[in-house]
$ cat query-v1.csv   # CSV, N, CA, C and O atoms
chain,number,residue,atom,x,y,z
A,2,MET,N,143.3,96.6,76.9
A,2,MET,CA,143.6,97.5,77.9
A,2,MET,C,144.5,98.7,77.4
A,2,MET,O,144.3,99.8,77.8
A,3,HIS,N,145.3,98.4,76.4
A,3,HIS,CA,146.2,99.4,75.9
A,3,HIS,C,145.4,100.4,75.1
A,3,HIS,O,145.8,101.6,75.2
A,4,LYS,N,144.4,100.0,74.3
A,4,LYS,CA,143.6,101.0,73.6
A,4,LYS,C,142.8,101.9,74.5
A,4,LYS,O,142.7,103.0,74.3
A,5,VAL,N,142.3,101.3,75.6
A,5,VAL,CA,141.5,102.1,76.6
A,5,VAL,C,142.5,103.2,77.2
A,5,VAL,O,142.1,104.3,77.4
A,6,ARG,N,143.7,102.8,77.5
A,6,ARG,CA,144.6,103.7,78.1
A,6,ARG,C,144.9,104.8,77.1
A,6,ARG,O,145.0,106.0,77.5
A,7,ASN,N,145.1,104.5,75.8
A,7,ASN,CA,145.4,105.5,74.8
A,7,ASN,C,144.2,106.5,74.6
A,7,ASN,O,144.4,107.7,74.4
A,8,ILE,N,143.0,105.9,74.7
A,8,ILE,CA,141.8,106.7,74.5
A,8,ILE,C,141.6,107.7,75.6
A,8,ILE,O,141.2,108.9,75.4
A,9,VAL,N,141.8,107.2,76.8
A,9,VAL,CA,141.5,108.1,78.0
A,9,VAL,C,142.7,108.9,78.4
A,9,VAL,O,142.6,110.1,78.7
A,10,PHE,N,143.9,108.4,78.4
A,10,PHE,CA,145.1,109.1,79.0
A,10,PHE,C,145.6,110.1,78.0
A,10,PHE,O,145.9,111.2,78.5
A,11,LEU,N,145.8,109.8,76.8
A,11,LEU,CA,146.4,110.8,75.9
A,11,LEU,C,145.7,112.1,75.7
A,11,LEU,O,146.3,113.1,75.7
A,12,PRO,N,144.4,112.1,75.5
A,12,PRO,CA,143.7,113.4,75.4
A,12,PRO,C,143.8,114.1,76.7
A,12,PRO,O,143.9,115.4,76.7
A,13,PHE,N,143.6,113.5,77.8
A,13,PHE,CA,143.7,114.1,79.1
A,13,PHE,C,145.1,114.7,79.3
A,13,PHE,O,145.3,115.9,79.7
A,14,PHE,N,146.2,113.9,79.0
A,14,PHE,CA,147.5,114.4,79.1
A,14,PHE,C,147.8,115.6,78.2
A,14,PHE,O,148.5,116.6,78.5
A,15,GLY,N,147.3,115.5,77.0
A,15,GLY,CA,147.4,116.6,76.0
A,15,GLY,C,146.8,117.9,76.5
A,15,GLY,O,147.4,119.0,76.4
A,16,ARG,N,145.6,117.8,77.1
A,16,ARG,CA,144.9,119.0,77.7
A,16,ARG,C,145.7,119.6,78.9
A,16,ARG,O,145.8,120.8,79.0
A,17,VAL,N,146.2,118.7,79.7
A,17,VAL,CA,147.0,119.2,80.9
A,17,VAL,C,148.3,119.8,80.4
A,17,VAL,O,148.7,120.9,80.9
A,18,LEU,N,148.9,119.2,79.4
A,18,LEU,CA,150.2,119.8,78.9
A,18,LEU,C,149.9,121.2,78.3
A,18,LEU,O,150.6,122.1,78.5
A,19,TRP,N,148.8,121.3,77.5
A,19,TRP,CA,148.5,122.6,76.9
A,19,TRP,C,148.1,123.6,77.9
A,19,TRP,O,148.5,124.8,77.8
A,20,LEU,N,147.4,123.2,79.0
A,20,LEU,CA,147.1,124.2,80.0
A,20,LEU,C,148.3,124.6,80.8
A,20,LEU,O,148.5,125.8,81.0
A,21,ALA,N,149.2,123.7,81.1
A,21,ALA,CA,150.4,124.1,81.8
A,21,ALA,C,151.3,125.0,80.9
A,21,ALA,O,151.9,125.9,81.4
A,22,PHE,N,151.4,124.7,79.7
A,22,PHE,CA,152.2,125.5,78.8
A,22,PHE,C,151.6,126.9,78.6
A,22,PHE,O,152.3,127.9,78.6
A,23,SER,N,150.3,127.0,78.6
A,23,SER,CA,149.6,128.3,78.4
A,23,SER,C,149.9,129.2,79.7
A,23,SER,O,150.1,130.4,79.5
A,24,VAL,N,149.8,128.6,80.8
A,24,VAL,CA,150.1,129.3,82.1
A,24,VAL,C,151.6,129.8,82.1
A,24,VAL,O,151.9,130.9,82.4
A,25,LEU,N,152.5,128.9,81.7
A,25,LEU,CA,153.9,129.2,81.7
A,25,LEU,C,154.2,130.3,80.6
A,25,LEU,O,154.9,131.3,80.9
A,26,PHE,N,153.5,130.2,79.5
A,26,PHE,CA,153.7,131.2,78.4
A,26,PHE,C,153.1,132.5,78.8
A,26,PHE,O,153.8,133.6,78.6
A,27,PHE,N,152.0,132.6,79.5
A,27,PHE,CA,151.4,133.8,79.9
A,27,PHE,C,152.3,134.5,80.9
A,27,PHE,O,152.6,135.7,80.7
A,28,TYR,N,152.7,133.9,82.0
A,28,TYR,CA,153.5,134.5,83.0
A,28,TYR,C,154.9,134.9,82.4
A,28,TYR,O,155.5,135.9,82.8
A,29,SER,N,155.5,134.1,81.6
A,29,SER,CA,156.7,134.4,81.0
A,29,SER,C,156.6,135.7,80.1
A,29,SER,O,157.5,136.5,80.2
A,30,GLY,N,155.6,135.8,79.3
A,30,GLY,CA,155.3,136.9,78.5
A,30,GLY,C,155.0,138.2,79.4
A,30,GLY,O,155.5,139.3,79.0
A,31,LEU,N,154.3,138.0,80.5
A,31,LEU,CA,154.0,139.1,81.3
A,31,LEU,C,155.3,139.7,82.0
A,31,LEU,O,155.5,140.9,81.9
A,32,TYR,N,156.1,138.8,82.5
A,32,TYR,CA,157.4,139.3,83.1
A,32,TYR,C,158.4,139.8,82.1
A,32,TYR,O,159.1,140.8,82.3
A,33,PHE,N,158.4,139.2,80.9
A,33,PHE,CA,159.2,139.7,79.8
A,33,PHE,C,158.8,141.1,79.4
A,33,PHE,O,159.6,142.0,79.2
A,34,THR,N,157.5,141.3,79.2
A,34,THR,CA,157.0,142.7,78.9
A,34,THR,C,157.2,143.7,80.0
A,34,THR,O,157.6,144.8,79.7
A,35,GLU,N,157.1,143.3,81.2
A,35,GLU,CA,157.3,144.2,82.3
A,35,GLU,C,158.8,144.6,82.4
A,35,GLU,O,159.1,145.7,82.6
A,36,TRP,N,159.7,143.6,82.1
A,36,TRP,CA,161.1,143.9,82.1
A,36,TRP,C,161.5,144.8,80.9
A,36,TRP,O,162.3,145.7,81.0
A,37,LEU,N,160.8,144.5,79.8
A,37,LEU,CA,161.2,145.3,78.6
A,37,LEU,C,160.7,146.7,78.6
A,37,LEU,O,161.5,147.6,78.3
A,38,PHE,N,159.5,147.0,79.1
A,38,PHE,CA,159.0,148.4,79.1
A,38,PHE,C,159.3,149.1,80.4
A,38,PHE,O,159.2,150.4,80.4
A,39,ALA,N,159.5,148.5,81.5
A,39,ALA,CA,159.8,149.2,82.8
A,39,ALA,C,160.9,148.5,83.5
A,39,ALA,O,160.7,147.8,84.6
A,40,PRO,N,162.1,148.5,83.0
A,40,PRO,CA,163.2,147.8,83.7
A,40,PRO,C,163.5,148.3,85.1
A,40,PRO,O,164.0,147.5,85.9
A,41,ASN,N,163.2,149.6,85.3
A,41,ASN,CA,163.5,150.1,86.7
A,41,ASN,C,162.5,149.6,87.7
A,41,ASN,O,162.8,149.5,88.9
A,42,ALA,N,161.3,149.3,87.2
A,42,ALA,CA,160.2,148.8,88.1
A,42,ALA,C,160.2,147.3,88.3
A,42,ALA,O,159.5,146.7,89.1
A,43,PHE,N,161.0,146.6,87.5
A,43,PHE,CA,161.0,145.1,87.5
A,43,PHE,C,161.7,144.7,88.8
A,43,PHE,O,162.8,145.0,89.0
A,44,THR,N,161.0,143.9,89.6
A,44,THR,CA,161.5,143.5,90.9
A,44,THR,C,162.4,142.3,90.8
A,44,THR,O,163.3,142.1,91.6
A,45,GLY,N,162.3,141.5,89.7
A,45,GLY,CA,163.2,140.4,89.5
A,45,GLY,C,162.9,139.2,90.4
A,45,GLY,O,161.8,138.8,90.6
A,46,GLY,N,164.0,138.6,90.9
A,46,GLY,CA,163.8,137.3,91.6
A,46,GLY,C,164.2,136.2,90.7
A,46,GLY,O,164.2,136.3,89.5
A,47,LEU,N,164.5,135.0,91.3
A,47,LEU,CA,165.0,133.9,90.5
A,47,LEU,C,163.9,133.4,89.6
A,47,LEU,O,164.2,133.1,88.4
A,48,LEU,N,162.7,133.2,90.0
A,48,LEU,CA,161.6,132.7,89.2
A,48,LEU,C,161.3,133.7,88.0
A,48,LEU,O,161.2,133.3,86.9
A,49,ARG,N,161.2,135.0,88.4
A,49,ARG,CA,160.9,135.9,87.3
A,49,ARG,C,162.0,136.1,86.3
A,49,ARG,O,161.7,136.2,85.1
A,50,TRP,N,163.2,136.1,86.7
A,50,TRP,CA,164.3,136.2,85.7
A,50,TRP,C,164.4,134.9,84.9
A,50,TRP,O,164.7,135.0,83.7
A,51,SER,N,164.1,133.8,85.5
A,51,SER,CA,164.1,132.5,84.6
A,51,SER,C,163.0,132.5,83.6
A,51,SER,O,163.2,132.1,82.5
A,52,LEU,N,161.8,133.1,84.0
A,52,LEU,CA,160.7,133.2,83.0
A,52,LEU,C,161.0,134.2,81.9
A,52,LEU,O,160.6,134.0,80.8
A,53,VAL,N,161.7,135.3,82.3
A,53,VAL,CA,162.1,136.3,81.3
A,53,VAL,C,163.0,135.7,80.3
A,53,VAL,O,162.9,135.9,79.1
A,54,THR,N,164.0,135.0,80.7
A,54,THR,CA,165.0,134.4,79.8
A,54,THR,C,164.4,133.2,79.0
A,54,THR,O,164.8,132.9,77.9
A,55,LEU,N,163.3,132.6,79.6
A,55,LEU,CA,162.7,131.5,78.9
A,55,LEU,C,161.7,131.9,77.8
A,55,LEU,O,161.4,131.2,76.9
A,56,PHE,N,161.2,133.1,77.9
A,56,PHE,CA,160.2,133.6,76.9
A,56,PHE,C,160.6,133.5,75.5
A,56,PHE,O,159.8,133.1,74.6
A,57,PRO,N,161.8,134.0,75.1
A,57,PRO,CA,162.1,133.8,73.6
A,57,PRO,C,162.1,132.4,73.1
A,57,PRO,O,161.9,132.2,72.0
A,58,LEU,N,162.3,131.4,74.0
A,58,LEU,CA,162.3,130.0,73.6
A,58,LEU,C,160.8,129.5,73.5
A,58,LEU,O,160.5,128.6,72.7
A,59,LEU,N,160.0,130.1,74.3
A,59,LEU,CA,158.6,129.7,74.4
A,59,LEU,C,157.8,130.2,73.2
A,59,LEU,O,156.7,129.6,72.8
A,60,VAL,N,158.2,131.3,72.6
A,60,VAL,CA,157.4,131.9,71.5
A,60,VAL,C,157.3,130.9,70.3
A,60,VAL,O,156.2,130.6,69.8
A,61,PRO,N,158.4,130.3,69.8
A,61,PRO,CA,158.2,129.4,68.7
A,61,PRO,C,157.6,128.1,69.2
A,61,PRO,O,156.8,127.4,68.4
A,62,MET,N,157.8,127.7,70.4
A,62,MET,CA,157.1,126.5,71.0
A,62,MET,C,155.6,126.7,71.0
A,62,MET,O,154.9,125.7,71.0
A,63,PHE,N,155.2,127.9,71.2
A,63,PHE,CA,153.7,128.2,71.2
A,63,PHE,C,153.0,127.6,70.0
A,63,PHE,O,152.0,127.0,70.1
A,64,PHE,N,153.6,127.8,68.8
A,64,PHE,CA,153.0,127.3,67.6
A,64,PHE,C,153.0,125.8,67.5
A,64,PHE,O,152.1,125.2,67.0
A,65,VAL,N,154.1,125.2,68.0
A,65,VAL,CA,154.2,123.7,68.0
A,65,VAL,C,153.2,123.1,69.0
A,65,VAL,O,152.5,122.2,68.6
A,66,ILE,N,153.1,123.6,70.2
A,66,ILE,CA,152.2,123.1,71.2
A,66,ILE,C,150.8,123.3,70.8
A,66,ILE,O,149.9,122.4,70.9
A,67,ASN,N,150.4,124.5,70.2
A,67,ASN,CA,149.0,124.7,69.8
A,67,ASN,C,148.6,123.8,68.6
A,67,ASN,O,147.5,123.4,68.5
A,68,LYS,N,149.6,123.6,67.7
A,68,LYS,CA,149.3,122.7,66.6
A,68,LYS,C,149.0,121.3,67.0
A,68,LYS,O,148.2,120.6,66.6
A,69,ARG,N,149.8,120.8,68.0
A,69,ARG,CA,149.7,119.4,68.4
A,69,ARG,C,148.6,119.2,69.5
A,69,ARG,O,147.9,118.2,69.4
A,70,PHE,N,148.5,120.1,70.4
A,70,PHE,CA,147.5,119.9,71.5
A,70,PHE,C,146.4,120.9,71.6
A,70,PHE,O,145.4,120.7,72.3
A,71,GLY,N,146.4,122.0,70.8
A,71,GLY,CA,145.4,123.0,70.9
A,71,GLY,C,144.3,122.8,69.9
A,71,GLY,O,144.2,121.7,69.2
A,72,CYS,N,143.5,123.8,69.7
A,72,CYS,CA,142.4,123.7,68.7
A,72,CYS,C,142.9,123.9,67.3
A,72,CYS,O,142.1,123.7,66.4
A,73,ALA,N,144.1,124.3,67.1
A,73,ALA,CA,144.6,124.5,65.7
A,73,ALA,C,144.7,123.2,64.9
A,73,ALA,O,144.6,123.2,63.7
A,74,SER,N,144.8,122.1,65.6
A,74,SER,CA,144.8,120.8,65.0
A,74,SER,C,143.5,120.3,64.6
A,74,SER,O,143.4,119.2,63.9
A,75,GLY,N,142.4,121.0,65.0
A,75,GLY,CA,141.1,120.5,64.7
A,75,GLY,C,140.6,119.5,65.7
A,75,GLY,O,139.6,118.8,65.5
A,76,SER,N,141.2,119.4,66.8
A,76,SER,CA,140.9,118.4,67.9
A,76,SER,C,139.7,118.9,68.8
A,76,SER,O,139.2,118.2,69.5
A,77,CYS,N,139.4,120.2,68.7
A,77,CYS,CA,138.3,120.7,69.5
A,77,CYS,C,137.0,120.3,68.9
A,77,CYS,O,136.8,120.3,67.7
A,78,VAL,N,136.1,120.0,69.7
A,78,VAL,CA,134.8,119.5,69.3
A,78,VAL,C,133.9,120.6,68.9
A,78,VAL,O,133.7,121.6,69.6
A,79,ILE,N,133.4,120.5,67.7
A,79,ILE,CA,132.4,121.5,67.2
A,79,ILE,C,131.1,120.8,66.9
A,79,ILE,O,131.1,119.8,66.3
A,80,SER,N,130.1,121.5,67.3
A,80,SER,CA,128.7,120.8,67.2
A,80,SER,C,128.4,120.6,65.7
A,80,SER,O,128.5,121.5,64.9
A,81,ALA,N,128.0,119.4,65.4
A,81,ALA,CA,127.6,119.1,64.0
A,81,ALA,C,126.1,119.1,63.9
A,81,ALA,O,125.5,118.6,62.9
A,82,ASP,N,125.4,119.7,64.8
A,82,ASP,CA,123.9,119.8,64.8
A,82,ASP,C,123.5,120.7,63.7
A,82,ASP,O,124.0,121.9,63.7
A,83,PRO,N,122.6,120.3,62.8
A,83,PRO,CA,122.2,121.2,61.7
A,83,PRO,C,121.5,122.4,62.2
A,83,PRO,O,121.5,123.4,61.4
A,84,ASP,N,120.9,122.4,63.4
A,84,ASP,CA,120.3,123.6,63.9
A,84,ASP,C,121.2,124.7,64.2
A,84,ASP,O,120.9,125.9,64.2
A,85,HIS,N,122.5,124.4,64.5
A,85,HIS,CA,123.5,125.4,64.8
A,85,HIS,C,124.2,125.9,63.6
A,85,HIS,O,125.1,126.7,63.6
A,86,SER,N,123.9,125.4,62.4
A,86,SER,CA,124.5,125.8,61.2
A,86,SER,C,124.1,127.2,60.8
A,86,SER,O,122.9,127.5,60.9
A,87,THR,N,125.0,128.0,60.3
A,87,THR,CA,124.6,129.4,60.0
A,87,THR,C,123.7,129.4,58.7
A,87,THR,O,122.9,130.2,58.6
A,88,LYS,N,123.9,128.4,57.8
A,88,LYS,CA,123.0,128.4,56.7
A,88,LYS,C,121.6,128.1,57.0
A,88,LYS,O,120.7,128.6,56.5
A,89,LYS,N,121.4,127.2,58.0
A,89,LYS,CA,120.0,126.8,58.4
A,89,LYS,C,119.4,128.0,59.1
A,89,LYS,O,118.2,128.3,59.0
A,90,ARG,N,120.2,128.7,60.0
A,90,ARG,CA,119.6,129.8,60.7
A,90,ARG,C,119.2,131.0,59.8
A,90,ARG,O,118.2,131.6,60.0
A,91,ASN,N,119.9,131.2,58.8
A,91,ASN,CA,119.7,132.4,57.9
A,91,ASN,C,118.8,132.0,56.7
A,91,ASN,O,118.5,132.9,55.9
A,92,ALA,N,118.4,130.8,56.6
A,92,ALA,CA,117.6,130.4,55.4
A,92,ALA,C,116.3,131.1,55.3
A,92,ALA,O,115.9,131.5,54.2
A,93,GLY,N,115.6,131.3,56.4
A,93,GLY,CA,114.2,131.9,56.3
A,93,GLY,C,114.2,133.4,56.7
A,93,GLY,O,113.2,134.0,56.8
A,94,MET,N,115.4,134.0,56.8
A,94,MET,CA,115.5,135.4,57.3
A,94,MET,C,115.7,136.3,56.1
A,94,MET,O,116.6,136.0,55.3
A,95,ASN,N,114.9,137.3,56.0
A,95,ASN,CA,115.1,138.3,54.9
A,95,ASN,C,116.0,139.4,55.5
A,95,ASN,O,115.7,140.0,56.6
A,96,ILE,N,117.0,139.7,54.9
A,96,ILE,CA,117.9,140.8,55.3
A,96,ILE,C,117.6,142.0,54.5
A,96,ILE,O,117.7,142.0,53.2
A,97,THR,N,117.1,143.1,55.1
A,97,THR,CA,116.8,144.3,54.4
A,97,THR,C,118.0,145.3,54.5
A,97,THR,O,118.7,145.3,55.5
A,98,ARG,N,118.1,146.1,53.5
A,98,ARG,CA,119.2,147.1,53.6
A,98,ARG,C,118.7,148.3,54.4
A,98,ARG,O,117.6,148.7,54.3
A,99,MET,N,119.7,148.8,55.1
A,99,MET,CA,119.4,150.0,55.9
A,99,MET,C,119.3,151.2,55.0
A,99,MET,O,120.0,151.3,54.0
A,100,PRO,N,118.5,152.2,55.4
A,100,PRO,CA,118.4,153.4,54.6
A,100,PRO,C,119.8,154.1,54.5
A,100,PRO,O,120.5,154.2,55.5
A,101,GLY,N,120.2,154.5,53.3
A,101,GLY,CA,121.4,155.2,53.1
A,101,GLY,C,122.6,154.2,52.9
A,101,GLY,O,123.7,154.7,52.7
A,102,ALA,N,122.3,152.9,52.9
A,102,ALA,CA,123.5,151.9,52.7
A,102,ALA,C,123.6,151.6,51.3
A,102,ALA,O,122.8,151.7,50.5

$ encode --input "query-v1.csv" --output "structure tokens"
Amino acid sequence: MHKVRNIVFLPFFGRVLWLAFSVLFFYSGLYFTEWLFAPNAFTGGLLRWSLVTLFPLLVPMFFVINKRFGCASGSCVISADPDHSTKKRNAGMNITRMPGA
């Protein structure tokens, strides 16, 4: 039962954590950029100011979270089908040079 829980729960939890972090990072960066380039137009509010102050901490965490839970770790599934290989697709194709190249 413990192995089944690890197989099902941990990848799902990792994807949910990555998705939640990406939404938080996006809105934090959006409000930080808005505050940085148009401080007079920035409306503020408790949530927006907290996201603005949180953004400098989220930037280094971006690399940690993506390494652990994102595709940077190689955890994304890539098709191993030989028909999708670029070498197989280009094997029978003659590439001609364009005039003037």

$ residues_around --input "query-v1.csv" --residues "Phe22 of chain A" --least-positions-apart "5" --cutoff "12 Å" --atoms "only C-alpha atoms" --output "ChimeraX atom specification"
/A:15-17,27-30,56,59-60,62-67,70-71

$ atom_distance --input "query-v1.csv" --atom1 "atom CA of Thr44 of chain A" --atom2 "atom N of Leu31 of chain A"
13.8 Å

$ atom_distance --input "query-v1.csv" --atom1 "atom CA of Pro40 of chain A" --atom2 "atom CA of Leu20 of chain A"
28.8 Å

$ atom_distance --input "query-v1.csv" --atom1 "atom CA of Gly45 of chain A" --atom2 "atom CA of Phe33 of chain A"
10.5 Å

$ residues_around --input "query-v1.csv" --residues "Tyr32 of chain A" --least-positions-apart "5" --cutoff "7 Å" --atoms "only C-alpha atoms" --output "PyMOL selection string"
chain A and resi 49+52-53
